[in-house]
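Peer 1: Mind having a look at this structure? Questions to follow.
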Amino acid sequence: MTQARLMDGSAVARGIVEETAKRAADLTARTGVTPCLATVLVGEDPASVIYVRMKQNRSRKAGIASLHVALPATTTTAELVGTLRELSADPAVHGILLQHPVGEHIDERAAFEAIAPEKDVDGVTFASFATMSFGLPGFVSCTPGGILRLLDAYDVDPAGKRAVVVGRSAILGKPAGLLLLARDATVTYCHSRTRDLPAAVREADIVVAAVGRPRLIRGGDIKPGAVVVDAGYNAGNVGDVDFGTAVERASLITPVPGGVGPMTIALLLEQTVTAAARQLGV
């Protein structure tokens with residue numbers, strides 16, 4: 001039996017970051033200003049600390065300055081909003097990333113909305129969601145944007161295809177469906193209350209798993225020849241798709257890790273340089 005080809009997000013992301021580094025160097029040479037990404041972390045969640053450090057390292061390698069703001073776990077919504085507004089007003093900062101989750105006591109949406117739209121390089125504000133929905137200039141949510149770029153890299157044209165997105169979060173599932181719809185896919189959203197999820201998945205030419213439940217989607221439910229994008233990440237490097245069985249049915253599939261994750265960071269860096277260029281008027 002023929003196994004699916006792996007969609008190597010690490011390799012595709014490397015190309016995007018290399019091009020981003022060239023753009024950053026050119027921008028710095030022309031303006032004397034280095035693009036700057038500010039990362040904000042509330043508390044000391046181990047996974048978040050590692051993720052932020054990874055983003056800082058990748059930023060530096062791409063010629064992007066990194067400003068890190070570490071806030072205590074006791075930070076209030078008002079304090080976090082104040083920090084984000086200060087960064088939004090700082091002309092030396094071109095992009096802002098609020099690492100989430102931020103803690104149950106914080107109004108995450110209020111925090112996101114404190115980020116100026118022109119610096120929302122993670123694509124989390126209402127403004128970014130609206131421009132993404134209407135296909136207007138702005139910033140896309142990084143993981144969904146990365147998924148589309150990965151499909152492009154493997155010559156997967158969503159037009160006319162049936163896409164099933166499993167998950168409906170505001171920064172992953174919903175925008176992923178909108179971006180696929182903008183590419184003329186017929187999109188079905190599924191979630192925790194979907195009746196007979198396997199039946200919906202079996203109809204899909206493209207499956208995007210983004211629900212955060214390990215191995216929820218089984219290989220037997222994958223339509224033969226479907227493209228499977230696993231945007232889930234669970235303990236033990238396990239995705240939302242049962243990779244071992246799905247790889248026997250799909251034509252293309254993303255590994256976990258090494259699939260969607262690197263693309264997310266690549267899009268974040270690319271959008272930071274784009275934000276800097278727009279703010280500097282070049």
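Lettering and numbering for the structure tokens are positional, with chains as A, B, ... in the shown order, residues counted from 1 in each chain, and ligands counted from 1 in the shown order.
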Leaving out Ser66 in chain A and any residue of its chain fewer than 2 positions from it, which residues lie within 10 Å of it when counting only C-alpha atoms, given as a list in words?
Peer 2: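 Non-adjacent residues within range: Thr34, Pro35, Cys36, Leu37, Ala38, Thr39, Lys55, Gln56, Asn57, Arg58, Ser59, Arg60, Gly63, Ile64, His68, Val69, Val93 and Gly95 of chain A.
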Peer 1: Using only C-alpha atoms, I'd like a table of the residues in range 128-183 of chain A that come within 12 Å of range 261-265 of chain A; for each, show the closest atom pair and its distance in Å rounded to one decimal, ordered by chain and ascending number, as a Markdown table.
Peer 2:
| residue | atom | partner | partner_atom | distance |
| --- | --- | --- | --- | --- |
| A:Val140 | CA | A:Thr264 | CA | 10.7 |
| A:Ser141 | CA | A:Thr264 | CA | 8.7 |
| A:Cys142 | CA | A:Thr264 | CA | 5.0 |
| A:Thr143 | CA | A:Thr264 | CA | 4.6 |
| A:Pro144 | CA | A:Thr264 | CA | 7.9 |
| A:Gly145 | CA | A:Thr264 | CA | 7.6 |
| A:Gly146 | CA | A:Met263 | CA | 4.8 |
| A:Ile147 | CA | A:Met263 | CA | 7.2 |
| A:Leu148 | CA | A:Met263 | CA | 9.6 |
| A:Arg149 | CA | A:Met263 | CA | 8.0 |
| A:Leu150 | CA | A:Met263 | CA | 7.5 |
| A:Leu151 | CA | A:Met263 | CA | 11.1 |
| A:Ala153 | CA | A:Met263 | CA | 11.3 |
| A:Ile171 | CA | A:Thr264 | CA | 11.7 |
| A:Leu172 | CA | A:Thr264 | CA | 10.7 |
Peer 1: Which distance in Å separates CA of Ile253 in chain A and CA of Phe134 in chain A, to one decimal?
Peer 2: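 Separation of CA of Ile253 in chain A and CA of Phe134 in chain A: 28.8 Å.
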Peer 1: How many Å lie between CA of Glu86 in chain A and CA of Gly135 in chain A, rounded to one decimal?
Peer 2: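 According to the coordinates, CA of Glu86 in chain A and CA of Gly135 in chain A are separated by 29.1 Å.
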Peer 1: Which residues come within 9 Å of Glu19 in chain A, counting only C-alpha atoms, excluding same-chain residues fewer than 5 positions away, as a PyMOL selection string?
Peer 2: chain A and resi 14+24+62+270
Peer 1: Could you dump the residues just selected with N, CA, C and O atoms as a PDB file, in the first residue's frame?
Peer 2:
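Full text of out-v4.pdb as output:
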ATOM      1  N   ARG A  14      11.695  27.118   6.238  1.00  0.00           N
ATOM      2  CA  ARG A  14      13.078  27.579   6.107  1.00  0.00           C
ATOM      3  C   ARG A  14      13.209  28.527   4.914  1.00  0.00           C
ATOM      4  O   ARG A  14      13.891  29.558   4.991  1.00  0.00           O
ATOM      5  N   ALA A  24      14.436  41.768   5.618  1.00  0.00           N
ATOM      6  CA  ALA A  24      14.784  42.505   6.836  1.00  0.00           C
ATOM      7  C   ALA A  24      16.112  43.236   6.661  1.00  0.00           C
ATOM      8  O   ALA A  24      16.250  44.409   7.051  1.00  0.00           O
ATOM      9  N   ALA A  62      16.721  35.806  11.682  1.00  0.00           N
ATOM     10  CA  ALA A  62      16.128  36.439  10.504  1.00  0.00           C
ATOM     11  C   ALA A  62      16.404  37.936  10.447  1.00  0.00           C
ATOM     12  O   ALA A  62      15.839  38.647   9.609  1.00  0.00           O
ATOM     13  N   GLU A 270       7.614  36.788   8.866  1.00  0.00           N
ATOM     14  CA  GLU A 270       7.329  37.445   7.593  1.00  0.00           C
ATOM     15  C   GLU A 270       6.414  38.645   7.789  1.00  0.00           C
ATOM     16  O   GLU A 270       6.650  39.734   7.234  1.00  0.00           O
TER      17      GLU A 270
END
Peer 1: Need the shell around Gly220 in chain A: protein/DNA/RNA residues with any atom at most 9 Å away, counting only C-alpha atoms. Skip same-chain ones fewer than 4 positions apart. Format as a ChimeraX atom specification?
Peer 2: /A:198,202,245-246,249
Peer 1: I need the chosen residues saved as a PDB file, in the first residue's frame, with all heavy atoms.
Peer 2:
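The resulting file, out_26.pdb, is shown below:
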ATOM      1  N   PRO A 198     -17.030  11.301  12.103  1.00  0.00           N
ATOM      2  CA  PRO A 198     -16.372  10.487  11.070  1.00  0.00           C
ATOM      3  C   PRO A 198     -17.042  10.588   9.700  1.00  0.00           C
ATOM      4  O   PRO A 198     -16.361  10.601   8.673  1.00  0.00           O
ATOM      5  CB  PRO A 198     -16.474   9.064  11.635  1.00  0.00           C
ATOM      6  CG  PRO A 198     -16.493   9.261  13.116  1.00  0.00           C
ATOM      7  CD  PRO A 198     -17.314  10.500  13.320  1.00  0.00           C
ATOM      8  N   ARG A 202     -15.151  11.822   6.287  1.00  0.00           N
ATOM      9  CA  ARG A 202     -15.049  10.939   5.119  1.00  0.00           C
ATOM     10  C   ARG A 202     -15.386  11.648   3.807  1.00  0.00           C
ATOM     11  O   ARG A 202     -15.027  11.170   2.727  1.00  0.00           O
ATOM     12  CB  ARG A 202     -15.956   9.715   5.305  1.00  0.00           C
ATOM     13  CG  ARG A 202     -15.380   8.665   6.247  1.00  0.00           C
ATOM     14  CD  ARG A 202     -16.140   7.343   6.148  1.00  0.00           C
ATOM     15  NE  ARG A 202     -17.491   7.433   6.702  1.00  0.00           N
ATOM     16  CZ  ARG A 202     -17.795   7.190   7.972  1.00  0.00           C
ATOM     17  NH1 ARG A 202     -16.837   6.847   8.835  1.00  0.00           N
ATOM     18  NH2 ARG A 202     -19.040   7.270   8.403  1.00  0.00           N
ATOM     19  N   THR A 245      -2.349   5.461  11.161  1.00  0.00           N
ATOM     20  CA  THR A 245      -3.378   4.891  10.278  1.00  0.00           C
ATOM     21  C   THR A 245      -3.738   5.853   9.140  1.00  0.00           C
ATOM     22  O   THR A 245      -4.034   5.411   8.027  1.00  0.00           O
ATOM     23  CB  THR A 245      -4.651   4.552  11.078  1.00  0.00           C
ATOM     24  OG1 THR A 245      -5.113   5.718  11.784  1.00  0.00           O
ATOM     25  CG2 THR A 245      -4.364   3.448  12.079  1.00  0.00           C
ATOM     26  N   ALA A 246      -3.671   7.156   9.407  1.00  0.00           N
ATOM     27  CA  ALA A 246      -4.033   8.138   8.377  1.00  0.00           C
ATOM     28  C   ALA A 246      -3.034   8.154   7.234  1.00  0.00           C
ATOM     29  O   ALA A 246      -3.397   8.393   6.071  1.00  0.00           O
ATOM     30  CB  ALA A 246      -4.143   9.529   8.997  1.00  0.00           C
ATOM     31  N   ARG A 249      -3.906   6.217   4.173  1.00  0.00           N
ATOM     32  CA  ARG A 249      -5.079   6.589   3.364  1.00  0.00           C
ATOM     33  C   ARG A 249      -4.890   7.912   2.615  1.00  0.00           C
ATOM     34  O   ARG A 249      -5.393   8.078   1.505  1.00  0.00           O
ATOM     35  CB  ARG A 249      -6.301   6.730   4.272  1.00  0.00           C
ATOM     36  CG  ARG A 249      -6.608   5.497   5.097  1.00  0.00           C
ATOM     37  CD  ARG A 249      -7.631   4.616   4.466  1.00  0.00           C
ATOM     38  NE  ARG A 249      -8.954   5.220   4.440  1.00  0.00           N
ATOM     39  CZ  ARG A 249     -10.041   4.603   3.984  1.00  0.00           C
ATOM     40  NH1 ARG A 249      -9.949   3.373   3.525  1.00  0.00           N
ATOM     41  NH2 ARG A 249     -11.216   5.200   4.003  1.00  0.00           N
TER      42      ARG A 249
END
Peer 1: By how many Å are CA of Leu67 in chain A and CA of Met132 in chain A apart?
Peer 2: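 Going from CA of Leu67 in chain A over to CA of Met132 in chain A, I get 26.8 Å.
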Peer 1: Do a neighbour search on Met7 in chain A at 8 Å with only C-alpha atoms, toss out local chain neighbours closer than 4 positions, and write the hits as a PyMOL selection string.
Peer 2: chain A and resi 150+154+252-255+259
Peer 1: Please produce a file of the residues just selected, as a CSV table (one decimal), in the first residue's frame, where the atoms kept are C-alpha atoms.
Peer 2:
chain,number,residue,atom,x,y,z
A,150,LEU,CA,2.0,24.8,3.0
A,154,TYR,CA,2.7,21.2,-2.4
A,252,LEU,CA,-0.4,14.2,1.6
A,253,ILE,CA,-0.1,14.6,5.4
A,254,THR,CA,1.7,16.8,7.9
A,255,PRO,CA,3.8,15.2,10.6
A,259,GLY,CA,4.5,20.2,9.9
Peer 1: Would you pick out the contacts of range 182-191 of chain A at 10 Å or less, using only C-alpha atoms, so that residues sharing its chain but fewer than 5 positions from it are not included, and give the list as a PyMOL selection string?
Peer 2: chain A and resi 132-135+148+157-169+173-174+176-177+196-197+200-201+203-211
Peer 1: Within 10 Å of His100 in chain A, counting only C-alpha atoms, which residues show up once you throw out same-chain ones fewer than 3 positions away? Write them as a list of chain:residue names, please.
Peer 2: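 Counting only the stated atoms, we get A:Val40, A:Leu41, A:Val42, A:Asp45, A:Ser48, A:Leu97, A:Gly103, A:Glu108.
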Peer 1: Using only C-alpha atoms, which of the listed residues (A:Pro137, A:Pro91, A:Gly32, A:Gly258) sits closest to Gln279 in chain A?
Peer 2: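 Smallest distance to Gln279 in chain A is found for A:Pro91.
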Peer 1: Please identify which residues in range 155-265 of chain A DSSP calls helix (DSSP H, G or I) from the backbone, and express them as a list of chain:residue names.
Peer 2: A:Gly173, A:Lys174, A:Pro175, A:Ala176, A:Gly177, A:Leu178, A:Leu179, A:Leu180, A:Leu181, A:Ala182, A:Leu197, A:Pro198, A:Ala199, A:Ala200, A:Val201, A:Arg202, A:Gly219, A:Gly220, A:Asp221, A:Phe243, A:Gly244, A:Thr245, A:Ala246, A:Val260, A:Gly261, A:Pro262, A:Met263, A:Thr264, A:Ile265
Peer 1: Could you turn the residues from that selection into a file that holds N, CA and C atoms, as a PDB file, in the first residue's frame?
Peer 2:
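Result file follows (again-v3.pdb):
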ATOM      1  N   GLY A 173      -9.240  27.522  13.978  1.00  0.00           N
ATOM      2  CA  GLY A 173     -10.275  26.872  13.184  1.00  0.00           C
ATOM      3  C   GLY A 173     -11.070  27.821  12.307  1.00  0.00           C
ATOM      4  N   LYS A 174     -11.635  28.865  12.910  1.00  0.00           N
ATOM      5  CA  LYS A 174     -12.466  29.802  12.127  1.00  0.00           C
ATOM      6  C   LYS A 174     -11.691  30.468  10.995  1.00  0.00           C
ATOM      7  N   PRO A 175     -10.521  31.069  11.286  1.00  0.00           N
ATOM      8  CA  PRO A 175      -9.803  31.691  10.170  1.00  0.00           C
ATOM      9  C   PRO A 175      -9.299  30.695   9.129  1.00  0.00           C
ATOM     10  N   ALA A 176      -8.972  29.473   9.531  1.00  0.00           N
ATOM     11  CA  ALA A 176      -8.551  28.472   8.542  1.00  0.00           C
ATOM     12  C   ALA A 176      -9.669  28.225   7.537  1.00  0.00           C
ATOM     13  N   GLY A 177     -10.897  28.105   8.040  1.00  0.00           N
ATOM     14  CA  GLY A 177     -12.030  27.905   7.155  1.00  0.00           C
ATOM     15  C   GLY A 177     -12.261  29.088   6.237  1.00  0.00           C
ATOM     16  N   LEU A 178     -12.097  30.300   6.764  1.00  0.00           N
ATOM     17  CA  LEU A 178     -12.294  31.503   5.957  1.00  0.00           C
ATOM     18  C   LEU A 178     -11.268  31.610   4.838  1.00  0.00           C
ATOM     19  N   LEU A 179     -10.017  31.275   5.154  1.00  0.00           N
ATOM     20  CA  LEU A 179      -8.972  31.339   4.133  1.00  0.00           C
ATOM     21  C   LEU A 179      -9.188  30.286   3.053  1.00  0.00           C
ATOM     22  N   LEU A 180      -9.674  29.107   3.443  1.00  0.00           N
ATOM     23  CA  LEU A 180      -9.989  28.084   2.452  1.00  0.00           C
ATOM     24  C   LEU A 180     -11.184  28.499   1.598  1.00  0.00           C
ATOM     25  N   LEU A 181     -12.171  29.118   2.232  1.00  0.00           N
ATOM     26  CA  LEU A 181     -13.337  29.615   1.498  1.00  0.00           C
ATOM     27  C   LEU A 181     -12.929  30.670   0.476  1.00  0.00           C
ATOM     28  N   ALA A 182     -11.975  31.531   0.865  1.00  0.00           N
ATOM     29  CA  ALA A 182     -11.488  32.560  -0.055  1.00  0.00           C
ATOM     30  C   ALA A 182     -10.772  31.956  -1.253  1.00  0.00           C
ATOM     31  N   LEU A 197     -19.051  12.832  13.500  1.00  0.00           N
ATOM     32  CA  LEU A 197     -17.868  13.477  12.940  1.00  0.00           C
ATOM     33  C   LEU A 197     -17.186  12.612  11.882  1.00  0.00           C
ATOM     34  N   PRO A 198     -17.030  11.301  12.103  1.00  0.00           N
ATOM     35  CA  PRO A 198     -16.372  10.487  11.070  1.00  0.00           C
ATOM     36  C   PRO A 198     -17.042  10.588   9.700  1.00  0.00           C
ATOM     37  N   ALA A 199     -18.374  10.687   9.683  1.00  0.00           N
ATOM     38  CA  ALA A 199     -19.080  10.786   8.400  1.00  0.00           C
ATOM     39  C   ALA A 199     -18.714  12.077   7.685  1.00  0.00           C
ATOM     40  N   ALA A 200     -18.582  13.172   8.440  1.00  0.00           N
ATOM     41  CA  ALA A 200     -18.205  14.454   7.834  1.00  0.00           C
ATOM     42  C   ALA A 200     -16.781  14.393   7.300  1.00  0.00           C
ATOM     43  N   VAL A 201     -15.887  13.805   8.074  1.00  0.00           N
ATOM     44  CA  VAL A 201     -14.484  13.721   7.659  1.00  0.00           C
ATOM     45  C   VAL A 201     -14.345  12.868   6.394  1.00  0.00           C
ATOM     46  N   ARG A 202     -15.151  11.822   6.287  1.00  0.00           N
ATOM     47  CA  ARG A 202     -15.049  10.939   5.119  1.00  0.00           C
ATOM     48  C   ARG A 202     -15.386  11.648   3.807  1.00  0.00           C
ATOM     49  N   GLY A 219      -7.547   7.023  10.933  1.00  0.00           N
ATOM     50  CA  GLY A 219      -7.226   6.807   9.537  1.00  0.00           C
ATOM     51  C   GLY A 219      -8.363   6.234   8.728  1.00  0.00           C
ATOM     52  N   GLY A 220      -9.167   5.373   9.347  1.00  0.00           N
ATOM     53  CA  GLY A 220     -10.279   4.765   8.631  1.00  0.00           C
ATOM     54  C   GLY A 220     -11.337   5.754   8.198  1.00  0.00           C
ATOM     55  N   ASP A 221     -11.305   6.959   8.783  1.00  0.00           N
ATOM     56  CA  ASP A 221     -12.285   7.984   8.426  1.00  0.00           C
ATOM     57  C   ASP A 221     -11.764   8.947   7.373  1.00  0.00           C
ATOM     58  N   PHE A 243      -1.802   9.490  13.172  1.00  0.00           N
ATOM     59  CA  PHE A 243      -0.892   9.513  12.027  1.00  0.00           C
ATOM     60  C   PHE A 243      -0.645   8.115  11.455  1.00  0.00           C
ATOM     61  N   GLY A 244      -0.424   7.148  12.333  1.00  0.00           N
ATOM     62  CA  GLY A 244      -0.064   5.805  11.889  1.00  0.00           C
ATOM     63  C   GLY A 244      -1.064   5.172  10.948  1.00  0.00           C
ATOM     64  N   THR A 245      -2.349   5.461  11.161  1.00  0.00           N
ATOM     65  CA  THR A 245      -3.378   4.891  10.278  1.00  0.00           C
ATOM     66  C   THR A 245      -3.738   5.853   9.140  1.00  0.00           C
ATOM     67  N   ALA A 246      -3.671   7.156   9.407  1.00  0.00           N
ATOM     68  CA  ALA A 246      -4.033   8.138   8.377  1.00  0.00           C
ATOM     69  C   ALA A 246      -3.034   8.154   7.234  1.00  0.00           C
ATOM     70  N   VAL A 260       2.939  21.851  10.709  1.00  0.00           N
ATOM     71  CA  VAL A 260       2.324  23.178  10.797  1.00  0.00           C
ATOM     72  C   VAL A 260       3.115  24.130  11.698  1.00  0.00           C
ATOM     73  N   GLY A 261       3.714  23.621  12.774  1.00  0.00           N
ATOM     74  CA  GLY A 261       4.387  24.478  13.743  1.00  0.00           C
ATOM     75  C   GLY A 261       5.426  25.415  13.159  1.00  0.00           C
ATOM     76  N   PRO A 262       6.386  24.911  12.380  1.00  0.00           N
ATOM     77  CA  PRO A 262       7.395  25.796  11.795  1.00  0.00           C
ATOM     78  C   PRO A 262       6.794  26.855  10.873  1.00  0.00           C
ATOM     79  N   MET A 263       5.691  26.517  10.210  1.00  0.00           N
ATOM     80  CA  MET A 263       5.040  27.475   9.311  1.00  0.00           C
ATOM     81  C   MET A 263       4.452  28.645  10.089  1.00  0.00           C
ATOM     82  N   THR A 264       3.942  28.362  11.290  1.00  0.00           N
ATOM     83  CA  THR A 264       3.366  29.413  12.127  1.00  0.00           C
ATOM     84  C   THR A 264       4.415  30.473  12.455  1.00  0.00           C
ATOM     85  N   ILE A 265       5.595  30.016  12.881  1.00  0.00           N
ATOM     86  CA  ILE A 265       6.659  30.951  13.234  1.00  0.00           C
ATOM     87  C   ILE A 265       7.154  31.701  11.996  1.00  0.00           C
TER      88      ILE A 265
END
Peer 1: From the set A:Ile50, A:Leu136, A:Ile96, A:Ala70, which residue has the shortest atom-to-atom contact distance to Ala275 in chain A, counting only C-alpha atoms?
Peer 2: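 Of A:Ile50, A:Leu136, A:Ile96, A:Ala70, the one nearest Ala275 in chain A, counting only C-alpha atoms, is A:Ile96.
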Peer 1: With DSSP run on the backbone, what are the strand (DSSP E or B) residues within range 71-176 of chain A? I'd like them as an MDAnalysis selection string.
Peer 2: chainID A and resid 71 95:98 162:166
Peer 1: For all heavy atoms, I'd like the residues from the last selection saved as a PDB file, in the first residue's frame.
Peer 2:
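That gives us part28.pdb:
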ATOM      1  N   LEU A  71       5.754  39.240  32.276  1.00  0.00           N
ATOM      2  CA  LEU A  71       4.875  39.756  33.323  1.00  0.00           C
ATOM      3  C   LEU A  71       4.550  38.639  34.312  1.00  0.00           C
ATOM      4  O   LEU A  71       4.453  37.473  33.925  1.00  0.00           O
ATOM      5  CB  LEU A  71       3.582  40.303  32.711  1.00  0.00           C
ATOM      6  CG  LEU A  71       3.741  41.458  31.711  1.00  0.00           C
ATOM      7  CD1 LEU A  71       2.395  41.778  31.070  1.00  0.00           C
ATOM      8  CD2 LEU A  71       4.308  42.687  32.402  1.00  0.00           C
ATOM      9  N   GLY A  95       5.955  44.868  15.569  1.00  0.00           N
ATOM     10  CA  GLY A  95       5.011  43.769  15.691  1.00  0.00           C
ATOM     11  C   GLY A  95       4.889  43.351  17.142  1.00  0.00           C
ATOM     12  O   GLY A  95       5.855  43.458  17.909  1.00  0.00           O
ATOM     13  N   ILE A  96       3.696  42.889  17.528  1.00  0.00           N
ATOM     14  CA  ILE A  96       3.447  42.478  18.916  1.00  0.00           C
ATOM     15  C   ILE A  96       2.842  41.088  18.932  1.00  0.00           C
ATOM     16  O   ILE A  96       1.869  40.810  18.220  1.00  0.00           O
ATOM     17  CB  ILE A  96       2.500  43.463  19.626  1.00  0.00           C
ATOM     18  CG1 ILE A  96       3.107  44.877  19.651  1.00  0.00           C
ATOM     19  CG2 ILE A  96       2.203  42.994  21.052  1.00  0.00           C
ATOM     20  CD1 ILE A  96       2.134  45.940  20.131  1.00  0.00           C
ATOM     21  N   LEU A  97       3.417  40.230  19.749  1.00  0.00           N
ATOM     22  CA  LEU A  97       2.881  38.891  19.958  1.00  0.00           C
ATOM     23  C   LEU A  97       2.551  38.706  21.431  1.00  0.00           C
ATOM     24  O   LEU A  97       3.448  38.796  22.275  1.00  0.00           O
ATOM     25  CB  LEU A  97       3.905  37.828  19.536  1.00  0.00           C
ATOM     26  CG  LEU A  97       3.570  36.401  19.990  1.00  0.00           C
ATOM     27  CD1 LEU A  97       2.452  35.824  19.132  1.00  0.00           C
ATOM     28  CD2 LEU A  97       4.788  35.504  19.933  1.00  0.00           C
ATOM     29  N   LEU A  98       1.294  38.474  21.744  1.00  0.00           N
ATOM     30  CA  LEU A  98       0.886  38.104  23.103  1.00  0.00           C
ATOM     31  C   LEU A  98       0.792  36.592  23.143  1.00  0.00           C
ATOM     32  O   LEU A  98      -0.060  35.996  22.490  1.00  0.00           O
ATOM     33  CB  LEU A  98      -0.459  38.738  23.458  1.00  0.00           C
ATOM     34  CG  LEU A  98      -1.071  38.277  24.793  1.00  0.00           C
ATOM     35  CD1 LEU A  98      -0.162  38.582  25.970  1.00  0.00           C
ATOM     36  CD2 LEU A  98      -2.454  38.910  24.990  1.00  0.00           C
ATOM     37  N   ARG A 162     -13.816  19.900  -1.272  1.00  0.00           N
ATOM     38  CA  ARG A 162     -14.557  19.936  -0.009  1.00  0.00           C
ATOM     39  C   ARG A 162     -13.542  19.893   1.137  1.00  0.00           C
ATOM     40  O   ARG A 162     -12.782  18.940   1.267  1.00  0.00           O
ATOM     41  CB  ARG A 162     -15.514  18.753   0.094  1.00  0.00           C
ATOM     42  CG  ARG A 162     -16.411  18.797   1.333  1.00  0.00           C
ATOM     43  CD  ARG A 162     -17.405  17.655   1.318  1.00  0.00           C
ATOM     44  NE  ARG A 162     -18.345  17.756   0.224  1.00  0.00           N
ATOM     45  CZ  ARG A 162     -19.445  18.501   0.238  1.00  0.00           C
ATOM     46  NH1 ARG A 162     -19.753  19.200   1.309  1.00  0.00           N
ATOM     47  NH2 ARG A 162     -20.258  18.523  -0.794  1.00  0.00           N
ATOM     48  N   ALA A 163     -13.542  20.941   1.942  1.00  0.00           N
ATOM     49  CA  ALA A 163     -12.616  21.035   3.069  1.00  0.00           C
ATOM     50  C   ALA A 163     -13.399  20.925   4.373  1.00  0.00           C
ATOM     51  O   ALA A 163     -14.423  21.588   4.554  1.00  0.00           O
ATOM     52  CB  ALA A 163     -11.854  22.356   3.030  1.00  0.00           C
ATOM     53  N   VAL A 164     -12.917  20.087   5.270  1.00  0.00           N
ATOM     54  CA  VAL A 164     -13.525  19.956   6.596  1.00  0.00           C
ATOM     55  C   VAL A 164     -12.519  20.449   7.625  1.00  0.00           C
ATOM     56  O   VAL A 164     -11.388  19.944   7.702  1.00  0.00           O
ATOM     57  CB  VAL A 164     -13.929  18.494   6.878  1.00  0.00           C
ATOM     58  CG1 VAL A 164     -14.321  18.319   8.343  1.00  0.00           C
ATOM     59  CG2 VAL A 164     -15.088  18.085   5.973  1.00  0.00           C
ATOM     60  N   VAL A 165     -12.927  21.459   8.398  1.00  0.00           N
ATOM     61  CA  VAL A 165     -12.096  22.004   9.464  1.00  0.00           C
ATOM     62  C   VAL A 165     -12.664  21.511  10.789  1.00  0.00           C
ATOM     63  O   VAL A 165     -13.820  21.797  11.112  1.00  0.00           O
ATOM     64  CB  VAL A 165     -12.078  23.544   9.435  1.00  0.00           C
ATOM     65  CG1 VAL A 165     -11.226  24.096  10.578  1.00  0.00           C
ATOM     66  CG2 VAL A 165     -11.556  24.045   8.087  1.00  0.00           C
ATOM     67  N   VAL A 166     -11.878  20.764  11.525  1.00  0.00           N
ATOM     68  CA  VAL A 166     -12.326  20.240  12.812  1.00  0.00           C
ATOM     69  C   VAL A 166     -11.749  21.140  13.901  1.00  0.00           C
ATOM     70  O   VAL A 166     -10.571  21.067  14.228  1.00  0.00           O
ATOM     71  CB  VAL A 166     -11.886  18.784  13.015  1.00  0.00           C
ATOM     72  CG1 VAL A 166     -12.495  18.219  14.306  1.00  0.00           C
ATOM     73  CG2 VAL A 166     -12.293  17.927  11.821  1.00  0.00           C
TER      74      VAL A 166
END
Peer 1: Which residue is closest to Arg109 in chain A? Choose from A:Ala250, A:Leu80, A:Ala13, A:Val156 and count only C-alpha atoms.
Peer 2: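 For Arg109 in chain A, the nearest of the given residues is A:Leu80.
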Peer 1: Select, from A:Val241, A:Ala226, A:Ala73, A:Ala29, the residue with the minimum atom-to-atom distance to His105 in chain A, counting only C-alpha atoms.
Peer 2: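 Closest residue, counting only C-alpha atoms: A:Ala73.
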